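In what follows, a single structure is set out as structure tokens and then discussed.
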Amino acid sequence: MADADLDVVIRQLARQLHTGLMTRAKERRDRFNGLAAKAKGKETGDRFKMMAKATMEQAIAAAKRLQMSADNVADSYARSMRIAASTPVAVKVEKKAPKEKPVKKAAKPKKKTKKAK
């Protein structure tokens with residue numbers, strides 16, 4: 001990955017995050033469906049099923065936003081690198097100035113104090 005472009009790395013990391021997010025969401029959905037199967041009342045079972053469905057909907061929406069953000073960042077980075085590579089760089093030649101010797105500051109005269117009588 002040392003020679004890989006950062007836009008490729010960004011996309012790979014987003015893919016890994018997407019996979020992890022969906023795995024966790026499926027685990028939670030399965031947990032809620034399991035609780036719905038074990039529920040004693042129909043109302044409680046329906047509530048757990050709704051929670052399982054809502055979990056997946058929210059996870060899918062979050063994964064889409066994550067993927068879209070990663071794509072935007074990767075595209076932006078790639079575009080800026082293309083622009084930077086195509087822009088000519090002006091090379092400035094600096095002339096060396098002659099070195100000047102540091103100027104010594106004049107010493108301040110000491111004030112004489114008068115003795116009190």
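Ordered as shown in the structure tokens, chains take letters A, B, and onward, while each chain numbers its residues from 1 and ligands are numbered from 1 in the order shown.
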Give me, as a ChimeraX atom specification, all polymer residues having an atom no more than 12 Å from A:Ile60, counting only C-alpha atoms and skipping those fewer than 3 positions away in the same chain. /A:18-19,21-26,53-57,63-67
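Between atom CA of A:Arg15 and atom CA of A:Glu27 the separation is 18.4 Å.
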Which residues are near A:Arg11? Cut-off 10 Å, only C-alpha atoms, ignore same chain within fewer than 6 positions. Put them as a list of chain:residue names. A:Leu17, A:Gln67, A:Ser69, A:Ala70, A:Asp71, A:Asn72, A:Val73, A:Ala74, A:Asp75
Expected file: the selected residues, N, CA, C and O atoms, as a PDB file, in the first residue's frame:
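Wrote it out as again-v5.pdb, contents follow:
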```
ATOM      1  N   LEU A  17     -15.318  -0.511   6.267  1.00  0.00           N
ATOM      2  CA  LEU A  17     -16.280   0.037   7.230  1.00  0.00           C
ATOM      3  C   LEU A  17     -17.707  -0.371   6.868  1.00  0.00           C
ATOM      4  O   LEU A  17     -18.512  -0.678   7.749  1.00  0.00           O
ATOM      5  N   GLN A  67     -20.629   5.445   2.250  1.00  0.00           N
ATOM      6  CA  GLN A  67     -20.058   5.155   0.934  1.00  0.00           C
ATOM      7  C   GLN A  67     -20.028   6.409   0.069  1.00  0.00           C
ATOM      8  O   GLN A  67     -19.050   6.668  -0.630  1.00  0.00           O
ATOM      9  N   SER A  69     -19.916   9.545   1.074  1.00  0.00           N
ATOM     10  CA  SER A  69     -18.890  10.453   1.595  1.00  0.00           C
ATOM     11  C   SER A  69     -17.498   9.998   1.190  1.00  0.00           C
ATOM     12  O   SER A  69     -16.658  10.804   0.783  1.00  0.00           O
ATOM     13  N   ALA A  70     -17.244   8.719   1.291  1.00  0.00           N
ATOM     14  CA  ALA A  70     -15.930   8.190   0.917  1.00  0.00           C
ATOM     15  C   ALA A  70     -15.670   8.389  -0.576  1.00  0.00           C
ATOM     16  O   ALA A  70     -14.552   8.758  -0.969  1.00  0.00           O
ATOM     17  N   ASP A  71     -16.680   8.164  -1.405  1.00  0.00           N
ATOM     18  CA  ASP A  71     -16.517   8.374  -2.844  1.00  0.00           C
ATOM     19  C   ASP A  71     -16.227   9.838  -3.150  1.00  0.00           C
ATOM     20  O   ASP A  71     -15.368  10.155  -3.973  1.00  0.00           O
ATOM     21  N   ASN A  72     -16.945  10.735  -2.479  1.00  0.00           N
ATOM     22  CA  ASN A  72     -16.720  12.163  -2.692  1.00  0.00           C
ATOM     23  C   ASN A  72     -15.307  12.571  -2.293  1.00  0.00           C
ATOM     24  O   ASN A  72     -14.639  13.320  -3.003  1.00  0.00           O
ATOM     25  N   VAL A  73     -14.849  12.070  -1.159  1.00  0.00           N
ATOM     26  CA  VAL A  73     -13.503  12.405  -0.693  1.00  0.00           C
ATOM     27  C   VAL A  73     -12.454  11.835  -1.643  1.00  0.00           C
ATOM     28  O   VAL A  73     -11.492  12.525  -2.009  1.00  0.00           O
ATOM     29  N   ALA A  74     -12.623  10.597  -2.051  1.00  0.00           N
ATOM     30  CA  ALA A  74     -11.655   9.966  -2.954  1.00  0.00           C
ATOM     31  C   ALA A  74     -11.628  10.682  -4.309  1.00  0.00           C
ATOM     32  O   ALA A  74     -10.544  10.927  -4.861  1.00  0.00           O
ATOM     33  N   ASP A  75     -12.793  11.034  -4.839  1.00  0.00           N
ATOM     34  CA  ASP A  75     -12.847  11.746  -6.114  1.00  0.00           C
ATOM     35  C   ASP A  75     -12.208  13.127  -5.993  1.00  0.00           C
ATOM     36  O   ASP A  75     -11.478  13.563  -6.879  1.00  0.00           O
TER      37      ASP A  75
END
```
Would you kindly return, as JSON, numbers by chain, each protein, DNA or RNA residue with an atom no farther than 12 Å from any atom of A:Phe48, considering only C-alpha atoms and excluding same-chain residues fewer than 2 positions away? {"A": [28, 29, 30, 31, 32, 33, 34, 35, 36, 37, 38, 39, 40, 41, 42, 43, 44, 45, 46, 50, 51, 52, 53, 54, 55]}
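In this model, the gap between atom CA of A:Ala14 and atom CA of A:Gln58 comes to 17.4 Å.
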Contacts of stretch 82-88 of chain A at 12 Å (only C-alpha atoms; same-chain gap of 4+ positions) as an MDAnalysis selection string: chainID A and resid 5 7 75:78
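Atom pair atom CA of A:Ala61 / atom CA of A:Leu6 has a distance of 25.4 Å (rounded to one decimal).
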